[in-house]
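Note: the block below is structure_20.tsv and it holds TSV, C-alpha atoms (C1' of nucleotides).
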chain	number	residue	atom	x	y	z
A	1	MET	CA	12.99	26.45	-1.01
A	2	PRO	CA	10.80	26.16	-3.86
A	3	GLU	CA	7.58	24.89	-2.38
A	4	LEU	CA	4.85	23.12	-4.37
A	5	PRO	CA	4.04	25.92	-6.89
A	6	GLU	CA	7.69	26.65	-7.65
A	7	THR	CA	8.60	22.98	-7.99
A	8	GLU	CA	5.55	22.41	-10.21
A	9	THR	CA	6.61	25.31	-12.44
A	10	ILE	CA	10.15	23.93	-12.79
A	11	ALA	CA	8.90	20.41	-13.54
A	12	ARG	CA	6.44	21.60	-16.22
A	13	ASP	CA	9.07	23.80	-17.87
A	14	LEU	CA	11.65	21.06	-17.79
A	15	HIS	CA	9.21	18.53	-19.26
A	16	ALA	CA	8.24	20.84	-22.12
A	17	SER	CA	11.86	21.70	-22.79
A	18	VAL	CA	13.85	18.44	-22.53
A	19	ALA	CA	11.54	15.39	-22.71
A	20	GLY	CA	12.79	13.12	-25.50
A	21	ARG	CA	16.39	14.35	-25.39
A	22	THR	CA	19.44	12.28	-24.48
A	23	VAL	CA	22.15	13.03	-21.91
A	24	ALA	CA	25.44	13.25	-23.82
A	25	LYS	CA	27.77	14.22	-21.00
A	26	VAL	CA	27.69	14.63	-17.21
A	27	THR	CA	29.81	17.05	-15.16
A	28	VAL	CA	29.88	17.01	-11.36
A	29	ALA	CA	31.45	20.22	-9.99
A	30	ARG	CA	30.15	19.84	-6.43
A	31	PRO	CA	29.71	16.19	-5.44
A	32	ASP	CA	28.40	17.15	-1.98
A	33	VAL	CA	24.89	17.72	-3.43
A	34	LEU	CA	24.64	14.06	-4.52
A	35	ARG	CA	22.58	11.57	-2.50
A	36	GLU	CA	21.98	7.82	-2.84
A	37	VAL	CA	24.82	7.42	-5.39
A	38	GLY	CA	28.47	8.38	-5.60
A	39	GLU	CA	29.88	10.60	-8.30
A	40	ARG	CA	31.14	7.77	-10.54
A	41	ALA	CA	27.88	5.82	-10.47
A	42	PHE	CA	25.95	9.03	-11.05
A	43	ARG	CA	27.90	9.76	-14.24
A	44	ARG	CA	27.80	6.17	-15.45
A	45	ARG	CA	24.04	5.77	-14.93
A	46	LEU	CA	23.23	9.04	-16.74
A	47	ARG	CA	25.62	9.13	-19.69
A	48	GLY	CA	23.88	8.21	-22.96
A	49	VAL	CA	20.51	7.83	-21.23
A	50	GLY	CA	17.19	9.12	-22.60
A	51	ILE	CA	14.99	11.64	-20.76
A	52	VAL	CA	11.40	10.37	-20.79
A	53	GLY	CA	9.81	13.27	-18.91
A	54	SER	CA	9.70	15.37	-15.75
A	55	TRP	CA	7.01	15.81	-13.13
A	56	ARG	CA	6.53	16.88	-9.51
A	57	ARG	CA	5.97	14.95	-6.29
A	58	ALA	CA	5.87	16.98	-3.03
A	59	LYS	CA	8.68	19.53	-3.44
A	60	LEU	CA	10.71	17.20	-5.68
A	61	ILE	CA	11.39	17.47	-9.40
A	62	VAL	CA	11.36	13.90	-10.69
A	63	THR	CA	12.80	13.05	-14.11
A	64	ASP	CA	12.04	9.61	-15.56
A	65	LEU	CA	14.91	8.09	-17.54
A	66	SER	CA	14.91	5.46	-20.29
A	67	THR	CA	16.74	3.08	-17.91
A	68	ARG	CA	13.78	3.37	-15.46
A	69	ASP	CA	16.07	5.20	-13.04
A	70	ARG	CA	14.68	8.45	-11.69
A	71	LEU	CA	16.64	11.67	-11.23
A	72	VAL	CA	15.22	13.26	-8.07
A	73	VAL	CA	16.06	16.90	-7.38
A	74	GLN	CA	15.18	18.59	-4.09
A	75	PRO	CA	16.05	22.31	-4.31
A	76	ARG	CA	15.40	23.12	-0.60
A	77	PHE	CA	16.28	26.82	-0.05
A	78	THR	CA	18.31	28.00	-3.01
A	79	GLY	CA	18.42	25.20	-5.58
A	80	ALA	CA	17.38	25.74	-9.21
A	81	LEU	CA	17.16	23.44	-12.23
A	82	ILE	CA	17.90	25.56	-15.26
A	83	VAL	CA	18.10	24.77	-18.96
A	84	ASP	CA	20.91	26.72	-20.62
A	85	ASP	CA	20.84	27.29	-24.37
A	86	GLY	CA	24.06	29.30	-24.13
A	87	THR	CA	22.44	32.53	-22.96
A	88	LEU	CA	22.16	31.79	-19.23
A	89	ASP	CA	23.07	34.59	-16.79
A	90	PRO	CA	26.71	33.99	-15.69
A	91	ALA	CA	25.72	34.92	-12.12
A	92	LEU	CA	23.50	31.80	-12.01
A	93	LEU	CA	26.04	29.64	-13.84
A	94	ALA	CA	28.63	30.44	-11.16
A	95	TYR	CA	26.70	28.23	-8.73
A	96	SER	CA	26.25	25.24	-11.05
A	97	THR	CA	26.94	22.04	-9.12
A	98	ILE	CA	25.85	19.41	-11.67
A	99	ARG	CA	25.62	19.77	-15.44
A	100	LEU	CA	23.91	17.42	-17.89
A	101	VAL	CA	24.89	18.26	-21.47
A	102	LEU	CA	22.14	17.21	-23.89
A	103	ASP	CA	22.42	15.76	-27.40
A	104	ASP	CA	21.24	19.08	-28.90
A	105	GLY	CA	23.98	21.09	-27.20
A	106	ARG	CA	21.86	22.62	-24.45
A	107	SER	CA	22.59	21.83	-20.79
A	108	ILE	CA	20.54	21.24	-17.67
A	109	HIS	CA	22.27	22.78	-14.63
A	110	TYR	CA	21.51	22.16	-11.00
A	111	CYS	CA	22.55	25.51	-9.48
A	112	ASP	CA	22.55	26.03	-5.71
A	113	VAL	CA	24.22	28.84	-3.75
A	114	ARG	CA	23.93	27.21	-0.32
A	115	ARG	CA	24.07	23.60	-1.54
A	116	LEU	CA	21.53	22.43	1.03
A	117	GLY	CA	19.55	21.03	-1.89
A	118	THR	CA	20.12	17.50	-3.16
A	119	VAL	CA	20.34	15.53	-6.41
A	120	ALA	CA	19.65	11.81	-6.16
A	121	LEU	CA	19.43	8.92	-8.59
A	122	MET	CA	16.99	6.19	-7.55
A	123	ASN	CA	15.77	2.99	-9.12
A	124	GLU	CA	11.99	2.50	-9.29
A	125	THR	CA	11.76	0.50	-6.10
A	126	ARG	CA	13.77	2.97	-4.10
A	127	PHE	CA	11.75	5.89	-5.44
A	128	GLU	CA	8.46	4.19	-4.58
A	129	GLU	CA	9.72	3.57	-1.06
A	130	TYR	CA	10.81	7.19	-0.70
A	131	SER	CA	7.57	8.57	-2.13
A	132	ALA	CA	5.45	6.29	0.05
A	133	ALA	CA	6.78	8.08	3.15
A	134	LEU	CA	5.44	11.41	1.86
A	135	GLY	CA	1.92	12.64	2.56
A	136	ILE	CA	-1.07	13.43	0.37
A	137	GLU	CA	-0.80	15.78	-2.60
A	138	PRO	CA	-2.89	18.87	-1.80
A	139	LEU	CA	-3.91	19.33	-5.46
A	140	ASP	CA	-5.11	15.72	-5.74
A	141	SER	CA	-8.89	15.15	-5.72
A	142	THR	CA	-8.46	12.96	-2.60
A	143	PHE	CA	-7.37	16.01	-0.57
A	144	THR	CA	-10.84	16.78	0.76
A	145	ALA	CA	-12.11	18.68	3.79
A	146	SER	CA	-12.71	15.46	5.69
A	147	GLN	CA	-9.26	14.14	4.73
A	148	LEU	CA	-7.61	17.30	6.12
A	149	SER	CA	-9.87	17.25	9.14
A	150	GLY	CA	-8.71	13.71	9.89
A	151	VAL	CA	-5.05	14.71	9.62
A	152	LEU	CA	-5.52	17.69	11.96
A	153	ARG	CA	-7.67	15.91	14.52
A	154	VAL	CA	-4.95	13.48	15.62
A	155	SER	CA	-2.29	16.10	16.39
A	156	ASN	CA	-1.67	18.41	19.32
A	157	GLN	CA	0.99	20.35	17.41
A	158	PRO	CA	0.42	23.89	16.10
A	159	VAL	CA	-1.69	23.70	12.93
A	160	LYS	CA	1.01	25.50	10.95
A	161	LYS	CA	3.56	22.84	11.80
A	162	VAL	CA	1.17	20.07	10.76
A	163	LEU	CA	0.53	21.74	7.38
A	164	MET	CA	4.30	21.82	6.79
A	165	ASP	CA	4.91	18.20	7.86
A	166	GLN	CA	5.75	16.45	4.59
A	167	ARG	CA	4.81	13.02	5.98
A	168	ARG	CA	1.23	14.27	6.38
A	169	ILE	CA	0.73	16.74	3.51
A	170	ALA	CA	3.32	17.07	0.75
A	171	GLY	CA	4.44	20.35	-0.76
A	172	ILE	CA	3.35	23.08	1.65
A	173	GLY	CA	6.25	25.12	3.07
A	174	ASN	CA	6.56	28.25	5.16
A	175	ILE	CA	5.21	30.80	2.69
A	176	TYR	CA	2.03	28.95	1.72
A	177	ALA	CA	1.32	27.73	5.27
A	178	ASN	CA	1.31	31.39	6.39
A	179	GLU	CA	-0.82	32.48	3.43
A	180	ALA	CA	-3.39	29.66	3.69
A	181	LEU	CA	-3.90	30.18	7.43
A	182	TRP	CA	-4.46	33.90	6.92
A	183	ARG	CA	-7.00	33.21	4.17
A	184	ALA	CA	-8.82	30.74	6.42
A	185	GLY	CA	-8.76	33.08	9.45
A	186	ILE	CA	-6.99	30.49	11.63
A	187	ASP	CA	-4.30	31.32	14.20
A	188	PRO	CA	-1.11	29.43	13.15
A	189	SER	CA	-0.36	28.46	16.77
A	190	ARG	CA	-3.71	26.75	17.39
A	191	ALA	CA	-3.38	23.08	18.33
A	192	ALA	CA	-4.36	21.17	15.18
A	193	GLY	CA	-6.77	18.99	17.15
A	194	THR	CA	-8.92	22.01	18.04
A	195	ILE	CA	-9.70	22.84	14.40
A	196	ALA	CA	-13.42	22.22	13.82
A	197	ALA	CA	-14.74	20.50	10.68
A	198	GLY	CA	-16.00	23.77	9.21
A	199	GLU	CA	-12.63	25.44	9.76
A	200	ALA	CA	-10.85	22.47	8.18
A	201	ALA	CA	-13.07	22.80	5.12
A	202	LEU	CA	-12.21	26.49	4.82
A	203	LEU	CA	-8.52	25.70	5.30
A	204	ARG	CA	-8.60	23.04	2.59
A	205	ASP	CA	-10.12	25.50	0.14
A	206	SER	CA	-7.59	28.18	1.15
A	207	ILE	CA	-4.65	25.82	0.60
A	208	VAL	CA	-5.87	24.71	-2.81
A	209	ALA	CA	-6.65	28.29	-3.90
A	210	VAL	CA	-3.31	29.80	-2.86
A	211	LEU	CA	-1.33	26.96	-4.45
A	212	GLU	CA	-3.28	27.18	-7.72
A	213	GLU	CA	-3.04	30.98	-7.87
A	214	SER	CA	0.70	30.80	-7.27
A	215	ILE	CA	1.22	28.17	-9.98
A	216	ALA	CA	-0.70	30.46	-12.37
A	217	ALA	CA	1.78	33.24	-11.48
A	218	ARG	CA	4.76	30.82	-11.90
A	219	GLY	CA	5.56	30.79	-8.18
A	220	THR	CA	6.99	33.14	-5.56
A	221	SER	CA	10.46	34.64	-5.98
A	222	PHE	CA	10.83	36.16	-2.51
A	223	ARG	CA	14.57	36.17	-2.97
A	224	ASP	CA	16.38	33.34	-4.79
A	225	TYR	CA	13.81	31.23	-6.60
A	226	ARG	CA	14.26	30.90	-10.38
A	227	ASP	CA	12.30	28.76	-12.85
A	228	ALA	CA	13.86	26.44	-15.46
A	229	LYS	CA	14.50	29.45	-17.71
A	230	GLY	CA	16.26	31.34	-14.90
A	231	GLN	CA	13.29	33.75	-14.58
A	232	ARG	CA	11.55	34.97	-11.42
A	233	GLY	CA	8.00	33.98	-10.47
A	234	GLY	CA	5.27	36.61	-10.12
A	235	PHE	CA	3.44	35.64	-6.93
A	236	ALA	CA	5.57	37.65	-4.43
A	237	ALA	CA	3.48	40.75	-5.22
A	238	LYS	CA	0.32	38.82	-4.27
A	239	LEU	CA	1.50	37.62	-0.85
A	240	GLN	CA	-0.82	38.89	1.88
A	241	VAL	CA	1.15	38.03	5.04
A	242	TYR	CA	4.55	36.44	4.36
A	243	GLY	CA	7.22	39.16	4.45
A	244	ARG	CA	4.65	41.78	5.56
A	245	GLU	CA	5.27	41.88	9.31
A	246	GLY	CA	4.30	45.29	10.77
A	247	GLN	CA	2.29	46.23	7.68
A	248	PRO	CA	-1.51	46.51	7.70
A	249	CYS	CA	-3.65	43.41	7.25
A	250	VAL	CA	-5.25	43.79	3.82
A	251	ARG	CA	-8.54	42.51	5.26
A	252	CYS	CA	-8.91	44.50	8.52
A	253	GLY	CA	-6.07	47.06	8.59
A	254	SER	CA	-4.62	45.78	11.87
A	255	ARG	CA	-0.78	45.55	12.11
A	256	LEU	CA	0.45	42.08	11.09
A	257	VAL	CA	2.39	40.28	13.82
A	258	GLY	CA	5.67	38.39	13.28
A	259	THR	CA	6.99	35.59	15.49
A	260	HIS	CA	9.47	32.70	15.45
A	261	ALA	CA	7.66	30.80	18.19
A	262	ILE	CA	6.42	27.98	15.92
A	263	ASP	CA	9.26	25.58	15.09
A	264	GLY	CA	11.69	28.50	14.84
A	265	ARG	CA	10.29	29.53	11.45
A	266	ALA	CA	9.13	33.01	10.45
A	267	THR	CA	5.38	33.24	11.07
A	268	VAL	CA	3.31	36.30	10.12
A	269	PHE	CA	-0.36	36.59	10.94
A	270	CYS	CA	-3.19	38.98	11.81
A	271	ALA	CA	-4.02	38.77	15.51
A	272	ARG	CA	-7.42	40.34	14.86
A	273	CYS	CA	-8.78	38.21	12.02
A	274	GLN	CA	-6.99	34.92	12.70
A	275	SER	CA	-8.26	32.97	15.68
B	276	DC	C1'	7.28	6.88	19.30
B	277	DG	C1'	7.38	12.13	20.01
B	278	DC	C1'	10.03	16.00	20.55
B	279	DC	C1'	14.06	18.84	20.23
B	280	DA	C1'	18.59	20.48	19.09
B	281	DC	C1'	21.58	20.52	15.62
B	282	DA	C1'	23.84	19.78	11.20
B	283	DC	C1'	24.17	20.84	6.48
B	284	DC	C1'	25.86	25.69	3.50
B	285	DT	C1'	26.50	30.62	1.68
B	286	DG	C1'	25.32	35.38	1.39
B	287	DA	C1'	22.94	39.61	2.72
B	288	DC	C1'	22.11	42.85	6.11
B	289	DG	C1'	22.20	45.55	10.43
B	290	DG	C1'	24.72	47.06	14.51
B	291	DC	C1'	28.87	48.61	16.56
C	292	DT	C1'	35.61	49.85	6.69
C	293	DG	C1'	35.37	45.51	8.72
C	294	DC	C1'	33.91	42.17	11.90
C	295	DC	C1'	30.14	39.65	14.16
C	296	DG	C1'	25.67	37.97	14.90
C	297	DT	C1'	21.31	36.86	12.79
C	298	DC	C1'	18.37	35.34	9.36
C	299	DA	C1'	16.74	32.93	4.98
C	300	DG	C1'	10.81	29.08	0.42
C	301	DG	C1'	14.03	22.67	4.16
C	302	DT	C1'	15.00	18.15	5.68
C	303	DG	C1'	17.44	14.35	8.02
C	304	DT	C1'	19.58	12.42	12.13
C	305	DG	C1'	20.70	11.31	16.71
C	306	DG	C1'	19.78	11.76	21.67
C	307	DC	C1'	16.57	11.54	25.43
Would you encode the structure as structure tokens?
Amino acid sequence: MPELPETETIARDLHASVAGRTVAKVTVARPDVLREVGERAFRRRLRGVGIVGSWRRAKLIVTDLSTRDRLVVQPRFTGALIVDDGTLDPALLAYSTIRLVLDDGRSIHYCDVRRLGTVALMNETRFEEYSAALGIEPLDSTFTASQLSGVLRVSNQPVKKVLMDQRRIAGIGNIYANEALWRAGIDPSRAAGTIAAGEAALLRDSIVAVLEESIAARGTSFRDYRDAKGQRGGFAAKLQVYGREGQPCVRCGSRLVGTHAIDGRATVFCARCQS
DNA sequence: CGCCACACCTGACGGC
DNA sequence: TGCCGTCAGGTGTGGC
């Protein structure tokens, strides 16, 4: 799915593009993506409602509505929130599951090939409850070396799995966990509790740097990801381990190793410079 | 509570 | 060519 940088890109684009508009009409082509509300309530609670603005929490795109409801989109693997001014690629439009027609004639589509992603409508209380179960934002000033060190210290799980646990740290997925661990020189399978304070500090800086660099490049389109304009992100060309199994480590030249031993997810790392 | 298997979906690709 | 197994930026649940 869109991880933090991709979700951030979508939320920023959406905010710039549709804040202040009104939802004129709602179409639900694939009700199985809906969560928290049924199709009828979803349409009723959105029709005629104002869009205040959009922002990101974890890997969610949150849109505040004039009713104080929040539209919460979780793209998971293949979801995309795209604003169509009439020129959208028909190949993307074919997978539209939900369409919000705006008062200016444009539409917001939630497109999703696999439909593992979700679209929910929550009132403020419900959203706060949901958000409270998610971990710290890695781009928040409170995400410090000692904060990360504290999170890692209490776990015996592989450090990569801890980085991807949304209840502990919100927004890091498989691509950026692999990239940050390579940058920090830490073996992804190491028990989190064995990470020393100095290593945690390096890992914190690596996480923040890779996320910020990716946001600057508008995210990673390894395969499906598209931004709110239906465009690809530019960070795939800058990936140093993810998708590079068998290729030389750009730091030491050693062959990068691939495994599925950690939580069944694709892990790529350099056995020589990550320990 | 922790851990694990599995469910949710479709499409692309490689092997036979 | 076509069929089958495997894999893919993720999360939630139910069983032990």
Excluding segment 149-162 of chain A and its own-chain neighbours fewer than 6 positions away, which residues fall within 10 Å of it when counting all atoms listed in the file? Please give them as an MDAnalysis selection string. chainID A and resid 168:169 172:174 176:178 180:181 186:201 203:204 262:263 265 267
File dump, residues just selected, C-alpha atoms, as a CSV table (one decimal), in the frame of the given file:
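Written output follows (again_27.csv):
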chain,number,residue,atom,x,y,z
A,168,ARG,CA,1.2,14.3,6.4
A,169,ILE,CA,0.7,16.7,3.5
A,172,ILE,CA,3.4,23.1,1.6
A,173,GLY,CA,6.2,25.1,3.1
A,174,ASN,CA,6.6,28.2,5.2
A,176,TYR,CA,2.0,29.0,1.7
A,177,ALA,CA,1.3,27.7,5.3
A,178,ASN,CA,1.3,31.4,6.4
A,180,ALA,CA,-3.4,29.7,3.7
A,181,LEU,CA,-3.9,30.2,7.4
A,186,ILE,CA,-7.0,30.5,11.6
A,187,ASP,CA,-4.3,31.3,14.2
A,188,PRO,CA,-1.1,29.4,13.2
A,189,SER,CA,-0.4,28.5,16.8
A,190,ARG,CA,-3.7,26.8,17.4
A,191,ALA,CA,-3.4,23.1,18.3
A,192,ALA,CA,-4.4,21.2,15.2
A,193,GLY,CA,-6.8,19.0,17.2
A,194,THR,CA,-8.9,22.0,18.0
A,195,ILE,CA,-9.7,22.8,14.4
A,196,ALA,CA,-13.4,22.2,13.8
A,197,ALA,CA,-14.7,20.5,10.7
A,198,GLY,CA,-16.0,23.8,9.2
A,199,GLU,CA,-12.6,25.4,9.8
A,200,ALA,CA,-10.8,22.5,8.2
A,201,ALA,CA,-13.1,22.8,5.1
A,203,LEU,CA,-8.5,25.7,5.3
A,204,ARG,CA,-8.6,23.0,2.6
A,262,ILE,CA,6.4,28.0,15.9
A,263,ASP,CA,9.3,25.6,15.1
A,265,ARG,CA,10.3,29.5,11.4
A,267,THR,CA,5.4,33.2,11.1
Taking all atoms listed in the file into account, report as a VMD selection string which residues of chain B lie within 9 Å of chain A. chain B and resid 283 to 286
Select all residues from chain C having any atom no more than 10 Å from an atom of chain A (counting only C-alpha atoms (C1' of nucleotides), ignoring ligands), output as a list in words. DC298, DA299, DG300, DG301 and DT302 of chain C
12 Å contact set for DG290 of chain B, all atoms listed in the file, chain neighbours under 4 positions out, as a ChimeraX atom specification: /C:294-297
Judged by all atoms listed in the file, the minimum distance to Asp140 of chain A among A:Arg57, A:Arg12, A:Cys111, A:Ala94 is found for A:Arg57
Pairwise distance for atom CA of Gly135 of chain A and atom CA of Gln147 of chain A, rounded to one decimal in Å: 11.5 Å
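Comparing A:Phe269, A:Glu8, A:Thr125, A:Val208 by their smallest distance to Ser141 of chain A, the closest is A:Val208 (using all atoms listed in the file).
Taking atom CA of Arg126 of chain A and atom CA of Arg47 of chain A as the two end points, the separation is 20.5 Å.
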